[in-house]
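For reference, input-v8.cif (mmCIF, C-alpha atoms):
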data_work
#
loop_
_atom_site.group_PDB
_atom_site.id
_atom_site.type_symbol
_atom_site.label_atom_id
_atom_site.label_comp_id
_atom_site.auth_asym_id
_atom_site.auth_seq_id
_atom_site.Cartn_x
_atom_site.Cartn_y
_atom_site.Cartn_z
ATOM 1 C CA MET A 956 112.605 131.389 86.172
ATOM 2 C CA ALA A 957 109.502 130.069 87.913
ATOM 3 C CA SER A 958 106.472 132.303 88.160
ATOM 4 C CA PRO A 959 105.185 133.447 91.575
ATOM 5 C CA VAL A 960 102.351 130.934 91.298
ATOM 6 C CA GLU A 961 104.783 128.100 90.559
ATOM 7 C CA GLN A 962 107.052 129.192 93.412
ATOM 8 C CA GLN A 963 104.094 129.202 95.791
ATOM 9 C CA ALA A 964 103.045 125.731 94.660
ATOM 10 C CA THR A 965 106.587 124.417 95.148
ATOM 11 C CA ALA A 966 106.751 125.919 98.627
ATOM 12 C CA ARG A 967 103.390 124.361 99.535
ATOM 13 C CA HIS A 968 104.580 120.977 98.270
ATOM 14 C CA ASP A 969 107.780 121.262 100.324
ATOM 15 C CA VAL A 970 105.782 122.077 103.452
ATOM 16 C CA ASP A 971 103.475 119.110 102.780
ATOM 17 C CA GLU A 972 106.523 116.837 102.524
ATOM 18 C CA ILE A 973 107.819 118.058 105.873
ATOM 19 C CA GLU A 974 104.412 117.727 107.525
ATOM 20 C CA LEU A 975 103.922 114.223 106.165
ATOM 21 C CA ASP A 976 107.356 113.130 107.389
ATOM 22 C CA LEU A 977 106.622 114.532 110.839
ATOM 23 C CA LEU A 978 103.203 112.851 110.958
ATOM 24 C CA LEU A 979 104.634 109.436 110.040
ATOM 25 C CA GLU A 980 107.483 109.851 112.526
ATOM 26 C CA GLY A 981 104.973 110.784 115.229
ATOM 27 C CA VAL A 982 102.786 107.770 114.444
ATOM 28 C CA TYR A 983 105.817 105.487 114.640
ATOM 29 C CA ARG A 984 107.123 106.893 117.925
ATOM 30 C CA ARG A 985 103.702 107.145 119.598
ATOM 31 C CA TYR A 986 102.053 103.919 118.392
ATOM 32 C CA GLY A 987 104.788 101.788 116.818
ATOM 33 C CA PHE A 988 103.215 101.635 113.344
ATOM 34 C CA ASP A 989 105.845 102.359 110.702
ATOM 35 C CA PHE A 990 104.537 103.746 107.410
ATOM 36 C CA ARG A 991 107.675 105.758 106.632
ATOM 37 C CA GLU A 992 108.686 103.570 103.685
ATOM 38 C CA TYR A 993 105.297 103.121 102.085
ATOM 39 C CA ALA A 994 104.915 104.302 98.486
ATOM 40 C CA PRO A 995 104.499 108.084 98.935
ATOM 41 C CA ALA A 996 101.839 108.847 96.312
ATOM 42 C CA SER A 997 99.268 106.367 97.660
ATOM 43 C CA LEU A 998 100.171 107.239 101.239
ATOM 44 C CA ARG A 999 99.684 110.954 100.681
ATOM 45 C CA ARG A 1000 96.228 110.446 99.150
ATOM 46 C CA ARG A 1001 95.079 108.324 102.057
ATOM 47 C CA VAL A 1002 96.404 110.716 104.690
ATOM 48 C CA TRP A 1003 94.715 113.717 103.070
ATOM 49 C CA ARG A 1004 91.478 111.759 102.928
ATOM 50 C CA ARG A 1005 91.674 111.408 106.711
ATOM 51 C CA VAL A 1006 92.526 115.125 107.090
ATOM 52 C CA HIS A 1007 89.291 116.058 105.318
ATOM 53 C CA ALA A 1008 87.244 113.366 107.083
ATOM 54 C CA GLU A 1009 88.334 114.786 110.447
ATOM 55 C CA GLY A 1010 87.279 118.303 109.371
ATOM 56 C CA LEU A 1011 90.873 119.552 109.400
ATOM 57 C CA THR A 1012 92.873 121.572 106.888
ATOM 58 C CA THR A 1013 96.530 120.583 107.363
ATOM 59 C CA LEU A 1014 98.661 117.523 107.954
ATOM 60 C CA SER A 1015 100.061 119.175 111.065
ATOM 61 C CA ALA A 1016 96.566 119.443 112.502
ATOM 62 C CA LEU A 1017 96.042 115.740 111.836
ATOM 63 C CA GLN A 1018 99.336 114.957 113.529
ATOM 64 C CA ALA A 1019 98.268 116.811 116.669
ATOM 65 C CA LYS A 1020 94.924 115.031 116.771
ATOM 66 C CA VAL A 1021 96.425 111.591 116.128
ATOM 67 C CA LEU A 1022 99.037 111.982 118.871
ATOM 68 C CA HIS A 1023 96.451 112.974 121.482
ATOM 69 C CA ASP A 1024 93.462 110.893 120.352
ATOM 70 C CA PRO A 1025 93.976 107.113 119.949
ATOM 71 C CA ALA A 1026 90.520 106.811 118.364
ATOM 72 C CA CYS A 1027 91.693 109.106 115.566
ATOM 73 C CA MET A 1028 94.754 106.885 115.154
ATOM 74 C CA GLU A 1029 92.452 103.880 114.713
ATOM 75 C CA ARG A 1030 90.597 105.704 111.952
ATOM 76 C CA LEU A 1031 93.856 106.682 110.260
ATOM 77 C CA LEU A 1032 95.111 103.101 110.517
ATOM 78 C CA LEU A 1033 92.012 101.880 108.692
ATOM 79 C CA ASP A 1034 92.768 104.388 105.937
ATOM 80 C CA LEU A 1035 96.421 103.392 105.670
ATOM 81 C CA SER A 1036 95.793 99.638 105.782
ATOM 82 C CA ILE A 1037 94.997 98.376 102.303
ATOM 83 C CA ASN A 1038 91.812 96.354 102.733
ATOM 84 C CA VAL A 1039 90.754 95.719 99.139
ATOM 85 C CA THR A 1040 89.935 92.018 99.035
ATOM 86 C CA ALA A 1041 87.359 89.445 97.949
ATOM 87 C CA MET A 1042 86.731 85.734 98.300
ATOM 88 C CA TYR A 1043 88.536 83.794 95.579
ATOM 89 C CA ARG A 1044 89.895 87.021 94.145
ATOM 90 C CA ASP A 1045 91.789 86.164 90.929
ATOM 91 C CA PRO A 1046 90.268 82.654 90.648
ATOM 92 C CA THR A 1047 93.095 81.352 88.459
ATOM 93 C CA PHE A 1048 95.423 81.742 91.437
ATOM 94 C CA TYR A 1049 93.404 79.156 93.356
ATOM 95 C CA VAL A 1050 93.350 76.809 90.361
ATOM 96 C CA ALA A 1051 97.139 77.000 90.265
ATOM 97 C CA PHE A 1052 97.340 76.537 94.047
ATOM 98 C CA ARG A 1053 95.280 73.347 93.803
ATOM 99 C CA GLN A 1054 97.395 72.006 90.963
ATOM 100 C CA LYS A 1055 100.895 73.118 91.946
ATOM 101 C CA VAL A 1056 100.949 73.601 95.733
ATOM 102 C CA VAL A 1057 98.498 71.079 97.216
ATOM 103 C CA PRO A 1058 100.496 68.074 95.887
ATOM 104 C CA LEU A 1059 103.491 69.399 97.828
ATOM 105 C CA LEU A 1060 101.387 69.806 100.967
ATOM 106 C CA ARG A 1061 100.354 66.152 100.771
ATOM 107 C CA THR A 1062 103.996 65.161 101.305
ATOM 108 C CA TYR A 1063 104.186 66.892 104.728
ATOM 109 C CA PRO A 1064 102.899 65.382 107.974
ATOM 110 C CA PHE A 1065 101.852 68.892 109.036
ATOM 111 C CA THR A 1066 101.691 72.188 107.159
ATOM 112 C CA ARG A 1067 102.058 75.738 108.424
ATOM 113 C CA ILE A 1068 100.699 78.477 106.144
ATOM 114 C CA TRP A 1069 101.160 82.204 106.741
ATOM 115 C CA VAL A 1070 98.657 84.585 105.131
ATOM 116 C CA ALA A 1071 100.396 87.923 105.620
ATOM 117 C CA GLY A 1072 98.271 91.041 105.314
ATOM 118 C CA CYS A 1073 95.064 89.022 105.589
ATOM 119 C CA SER A 1074 92.809 92.099 105.869
ATOM 120 C CA THR A 1075 89.186 91.213 106.683
ATOM 121 C CA GLY A 1076 89.768 87.513 106.048
ATOM 122 C CA GLU A 1077 88.172 86.726 102.706
ATOM 123 C CA GLU A 1078 91.379 85.130 101.446
ATOM 124 C CA VAL A 1079 91.786 83.095 104.638
ATOM 125 C CA TYR A 1080 88.314 81.564 104.333
ATOM 126 C CA SER A 1081 88.854 80.938 100.625
ATOM 127 C CA LEU A 1082 92.091 79.096 101.346
ATOM 128 C CA SER A 1083 90.538 77.154 104.221
ATOM 129 C CA ILE A 1084 87.689 75.942 102.004
ATOM 130 C CA LEU A 1085 90.213 74.851 99.372
ATOM 131 C CA LEU A 1086 92.257 72.904 101.947
ATOM 132 C CA HIS A 1087 89.116 71.190 103.261
ATOM 133 C CA GLU A 1088 88.044 70.178 99.764
ATOM 134 C CA GLU A 1089 91.517 68.797 99.060
ATOM 135 C CA GLY A 1090 91.513 66.784 102.297
ATOM 136 C CA VAL A 1091 94.580 68.454 103.832
ATOM 137 C CA ALA A 1092 92.935 70.909 106.256
ATOM 138 C CA GLU A 1093 93.230 68.612 109.276
ATOM 139 C CA ARG A 1094 97.008 68.558 108.864
ATOM 140 C CA ALA A 1095 97.374 72.305 108.342
ATOM 141 C CA ARG A 1096 97.385 75.462 110.399
ATOM 142 C CA ILE A 1097 96.887 78.904 108.900
ATOM 143 C CA TYR A 1098 98.440 81.925 110.592
ATOM 144 C CA ALA A 1099 96.482 84.965 109.410
ATOM 145 C CA THR A 1100 98.109 88.283 110.284
ATOM 146 C CA ASP A 1101 97.496 91.948 109.681
ATOM 147 C CA ILE A 1102 98.726 95.235 111.099
ATOM 148 C CA ASN A 1103 95.187 96.321 111.944
ATOM 149 C CA GLU A 1104 93.374 94.755 114.907
ATOM 150 C CA SER A 1105 90.008 96.126 113.726
ATOM 151 C CA VAL A 1106 90.090 94.206 110.455
ATOM 152 C CA LEU A 1107 91.304 91.098 112.291
ATOM 153 C CA ASP A 1108 88.173 91.269 114.459
ATOM 154 C CA ARG A 1109 86.066 91.291 111.299
ATOM 155 C CA ALA A 1110 88.053 88.351 109.942
ATOM 156 C CA ARG A 1111 87.514 86.372 113.136
ATOM 157 C CA SER A 1112 83.766 86.925 112.911
ATOM 158 C CA GLY A 1113 83.499 85.181 109.541
ATOM 159 C CA VAL A 1114 80.616 87.444 108.493
ATOM 160 C CA PHE A 1115 80.716 88.945 105.010
ATOM 161 C CA PRO A 1116 78.185 91.054 103.079
ATOM 162 C CA LEU A 1117 75.316 88.957 101.785
ATOM 163 C CA ASP A 1118 75.116 90.989 98.598
ATOM 164 C CA LYS A 1119 78.655 89.821 97.735
ATOM 165 C CA MET A 1120 77.753 86.135 97.711
ATOM 166 C CA ARG A 1121 76.720 86.033 94.065
ATOM 167 C CA GLU A 1122 80.097 87.470 93.029
ATOM 168 C CA TYR A 1123 81.952 85.181 95.441
ATOM 169 C CA THR A 1124 80.034 82.138 94.196
ATOM 170 C CA GLN A 1125 81.101 82.866 90.613
ATOM 171 C CA ASN A 1126 84.706 83.318 91.790
ATOM 172 C CA TYR A 1127 84.507 80.022 93.693
ATOM 173 C CA ILE A 1128 83.242 78.151 90.633
ATOM 174 C CA ARG A 1129 85.996 79.618 88.427
ATOM 175 C CA ALA A 1130 88.533 78.738 91.141
ATOM 176 C CA GLY A 1131 87.673 75.052 90.816
ATOM 177 C CA GLY A 1132 85.289 74.756 93.768
ATOM 178 C CA GLU A 1133 83.866 71.268 94.198
ATOM 179 C CA ARG A 1134 80.635 71.874 96.138
ATOM 180 C CA ALA A 1135 77.760 74.308 96.268
ATOM 181 C CA PHE A 1136 79.315 77.447 97.725
ATOM 182 C CA SER A 1137 76.174 78.123 99.783
ATOM 183 C CA GLU A 1138 76.955 75.021 101.865
ATOM 184 C CA TYR A 1139 79.692 76.962 103.603
ATOM 185 C CA TYR A 1140 77.568 79.777 105.035
ATOM 186 C CA VAL A 1141 74.154 80.689 106.357
ATOM 187 C CA ALA A 1142 72.364 83.951 105.655
ATOM 188 C CA LYS A 1143 71.817 86.061 108.769
ATOM 189 C CA TYR A 1144 70.103 89.427 108.335
ATOM 190 C CA ASP A 1145 72.249 91.265 105.773
ATOM 191 C CA GLY A 1146 75.330 89.082 106.312
ATOM 192 C CA ALA A 1147 76.627 85.641 105.403
ATOM 193 C CA GLN A 1148 78.002 83.760 108.420
ATOM 194 C CA PHE A 1149 80.619 81.212 107.372
ATOM 195 C CA GLN A 1150 81.041 77.906 109.186
ATOM 196 C CA ARG A 1151 83.147 78.245 112.335
ATOM 197 C CA SER A 1152 84.807 74.921 111.525
ATOM 198 C CA LEU A 1153 86.605 76.669 108.659
ATOM 199 C CA VAL A 1154 88.741 78.572 111.171
ATOM 200 C CA ASP A 1155 89.262 75.822 113.741
ATOM 201 C CA ASN A 1156 92.869 75.605 112.539
ATOM 202 C CA VAL A 1157 93.359 79.335 111.931
ATOM 203 C CA VAL A 1158 95.310 81.643 114.242
ATOM 204 C CA PHE A 1159 94.488 85.338 113.763
ATOM 205 C CA ALA A 1160 97.184 87.662 115.116
ATOM 206 C CA GLN A 1161 98.450 91.204 114.752
ATOM 207 C CA HIS A 1162 101.778 91.414 112.941
ATOM 208 C CA ASN A 1163 103.568 94.351 111.331
ATOM 209 C CA LEU A 1164 105.566 93.387 108.237
ATOM 210 C CA VAL A 1165 107.582 96.584 108.597
ATOM 211 C CA SER A 1166 108.841 96.165 112.152
ATOM 212 C CA ASP A 1167 108.051 92.655 113.458
ATOM 213 C CA ARG A 1168 110.314 89.641 113.038
ATOM 214 C CA SER A 1169 109.724 86.121 111.802
ATOM 215 C CA PHE A 1170 107.663 84.118 114.275
ATOM 216 C CA ASN A 1171 107.727 80.576 112.820
ATOM 217 C CA GLU A 1172 108.950 78.433 109.927
ATOM 218 C CA PHE A 1173 106.352 77.978 107.191
ATOM 219 C CA ASN A 1174 105.647 75.618 104.321
ATOM 220 C CA VAL A 1175 103.667 78.292 102.469
ATOM 221 C CA ILE A 1176 103.597 82.082 102.709
ATOM 222 C CA VAL A 1177 100.778 83.943 100.932
ATOM 223 C CA CYS A 1178 101.138 87.711 100.599
ATOM 224 C CA ARG A 1179 99.164 88.961 97.626
ATOM 225 C CA ASN A 1180 98.803 92.575 96.524
ATOM 226 C CA VAL A 1181 100.355 93.986 99.700
ATOM 227 C CA MET A 1182 103.904 94.928 98.732
ATOM 228 C CA ILE A 1183 102.774 96.974 95.742
ATOM 229 C CA TYR A 1184 102.133 99.751 98.271
ATOM 230 C CA PHE A 1185 105.722 99.635 99.626
ATOM 231 C CA ASP A 1186 108.786 101.391 98.265
ATOM 232 C CA ARG A 1187 111.734 99.309 97.041
ATOM 233 C CA ALA A 1188 113.645 99.345 100.352
ATOM 234 C CA LEU A 1189 110.620 98.112 102.277
ATOM 235 C CA GLN A 1190 109.857 95.463 99.649
ATOM 236 C CA ASP A 1191 113.420 94.172 100.046
ATOM 237 C CA HIS A 1192 112.968 94.100 103.827
ATOM 238 C CA VAL A 1193 109.774 92.042 103.553
ATOM 239 C CA HIS A 1194 111.337 89.661 101.024
ATOM 240 C CA ARG A 1195 114.160 89.002 103.510
ATOM 241 C CA LEU A 1196 111.567 88.359 106.226
ATOM 242 C CA PHE A 1197 109.732 85.861 104.018
ATOM 243 C CA TYR A 1198 112.959 84.140 102.981
ATOM 244 C CA GLU A 1199 113.947 83.691 106.629
ATOM 245 C CA SER A 1200 110.446 82.424 107.495
ATOM 246 C CA LEU A 1201 110.107 79.901 104.661
ATOM 247 C CA MET A 1202 111.450 76.383 104.932
ATOM 248 C CA THR A 1203 113.499 74.951 102.079
ATOM 249 C CA PHE A 1204 111.174 73.834 99.262
ATOM 250 C CA GLY A 1205 108.431 75.983 100.775
ATOM 251 C CA VAL A 1206 106.186 78.058 98.522
ATOM 252 C CA LEU A 1207 105.929 81.843 98.311
ATOM 253 C CA ALA A 1208 102.689 83.104 96.736
ATOM 254 C CA LEU A 1209 102.625 86.734 95.610
ATOM 255 C CA GLY A 1210 100.042 88.893 93.879
ATOM 256 C CA ALA A 1211 99.709 89.246 90.122
ATOM 257 C CA LYS A 1212 101.412 92.656 90.161
ATOM 258 C CA GLU A 1213 104.328 91.515 92.316
ATOM 259 C CA SER A 1214 107.454 89.491 91.673
ATOM 260 C CA ILE A 1215 110.663 88.294 93.287
ATOM 261 C CA ARG A 1216 112.657 89.798 90.415
ATOM 262 C CA PHE A 1217 115.349 92.189 91.679
ATOM 263 C CA SER A 1218 114.628 91.148 95.279
ATOM 264 C CA PRO A 1219 117.579 90.208 97.555
ATOM 265 C CA HIS A 1220 116.778 86.487 97.252
ATOM 266 C CA GLU A 1221 115.642 86.285 93.635
ATOM 267 C CA HIS A 1222 117.976 83.378 92.865
ATOM 268 C CA ALA A 1223 116.877 81.357 95.898
ATOM 269 C CA TYR A 1224 113.570 80.479 94.224
ATOM 270 C CA GLU A 1225 112.363 78.625 91.184
ATOM 271 C CA GLU A 1226 109.046 79.326 89.477
ATOM 272 C CA LEU A 1227 106.180 76.962 90.111
ATOM 273 C CA ASP A 1228 103.774 79.126 88.127
ATOM 274 C CA ALA A 1229 105.074 82.313 86.544
ATOM 275 C CA GLY A 1230 101.666 83.743 85.712
ATOM 276 C CA GLU A 1231 100.265 83.281 89.223
ATOM 277 C CA ARG A 1232 103.536 84.270 90.949
ATOM 278 C CA LEU A 1233 104.068 80.982 92.764
ATOM 279 C CA TYR A 1234 107.694 80.354 93.732
ATOM 280 C CA LYS A 1235 109.462 77.469 95.478
ATOM 281 C CA LYS A 1236 112.428 78.192 97.723
ATOM 282 C CA VAL A 1237 115.313 75.953 96.655
ATOM 283 C CA THR A 1238 118.331 77.347 98.536
#

Translate the structure of the given file into structure tokens.
Amino acid sequence: MASPVEQQATARHDVDEIELDLLLEGVYRRYGFDFREYAPASLRRRVWRRVHAEGLTTLSALQAKVLHDPACMERLLLDLSINVTAMYRDPTFYVAFRQKVVPLLRTYPFTRIWVAGCSTGEEVYSLSILLHEEGVAERARIYATDINESVLDRARSGVFPLDKMREYTQNYIRAGGERAFSEYYVAKYDGAQFQRSLVDNVVFAQHNLVSDRSFNEFNVIVCRNVMIYFDRALQDHVHRLFYESLMTFGVLALGAKESIRFSPHEHAYEELDAGERLYKKVT
């Protein structure tokens, strides 16, 4: 039989579960953002962080504030959106992209690439630089989407922290970069402003992987280290969305911790690069 302390802890946990469910339902019905199938452990940590940051003590209090204060919802959305990124993050991915994907892109008269969950844009600029160096940028358009309009604004600006440039330069070199990385940006105050020409063929747009539908047919879909925060049902939903959005022989690029194994369309792909999670749709 559980002790009184254990019973109290169980009751508190049960109440937290109810409050969290009600908060997520309220967010969905009020604002249209659906986090109800995100991995619960990570989600709970991020929500409680916002509770404390708002000077509150319960999830119910956060729910009340979020429903009546859109500015609070914006702050919560920043917490719930996973914005951990870097330019040329996992450099070996870009080496594999140059070697395995770019040759396929050369066979198309025009290429549409979807970077889903683009966050603040570091990956978009990295990919754009790669396409320019490979001579295929003029025949390509990148659609960069995220659930969060605030991070999209930062991505559009093309300004990244100056103190990150040393790290990004090393990543760029390891990723097979062909020029001096500093040629792509100018230092302005405490930021690095990247060339506007890098996003001439980029469309930044808000898109919710949970609730929004396919909006085009793509030659390449890049969605790295996003689905690891989703539960299995939501991962399956997103895999169906990507399958429907990808043309035959198109490439799906996932993060190092993700895979198409056990997804609804596992057998519709063949591996281009198992280590870097590059897959080609064949059926």

Evaluate the PyMOL selection byres ((chain A and resi 1156) around 9) on the structure here and hand back the selected residues as a count of residues only.
14

Compare A:Leu1032, A:Val1114, A:Leu1201, A:Leu1022 by their minimum atom-to-atom distance to Tyr1140 of chain A, counting only C-alpha atoms, and give me the closest one.
A:Val1114

On this structure, the PyMOL selection byres ((chain A and resi 1222-1227) around 8) would catch which residues? List them as a ChimeraX atom specification, sorted by chain and number.
/A:1055,1220-1221,1228-1229,1232-1238

Between atom CA of Leu1035 of chain A and atom CA of Asp969 of chain A, what is the distance, to one decimal in Å?
21.8 Å

Pick the closest to Tyr986 of chain A from A:Asp971, A:Asp1024, A:Glu1172, A:Glu1088: which is it, counting all atoms listed in the file?
A:Asp1024

What is the atom CA of Gln1125 of chain A-atom CA of Leu1086 of chain A distance in Å, reported with one decimal?
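Atom CA of Leu1086 of chain A lies 18.8 Å from atom CA of Gln1125 of chain A.
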
With distances taken over all atoms listed in the file, which of A:Glu1213, A:Val1165, A:Arg1129, A:Gly1205 is nearest to Thr1062 of chain A?
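Among the listed residues, the smallest separation from Thr1062 of chain A belongs to A:Gly1205.
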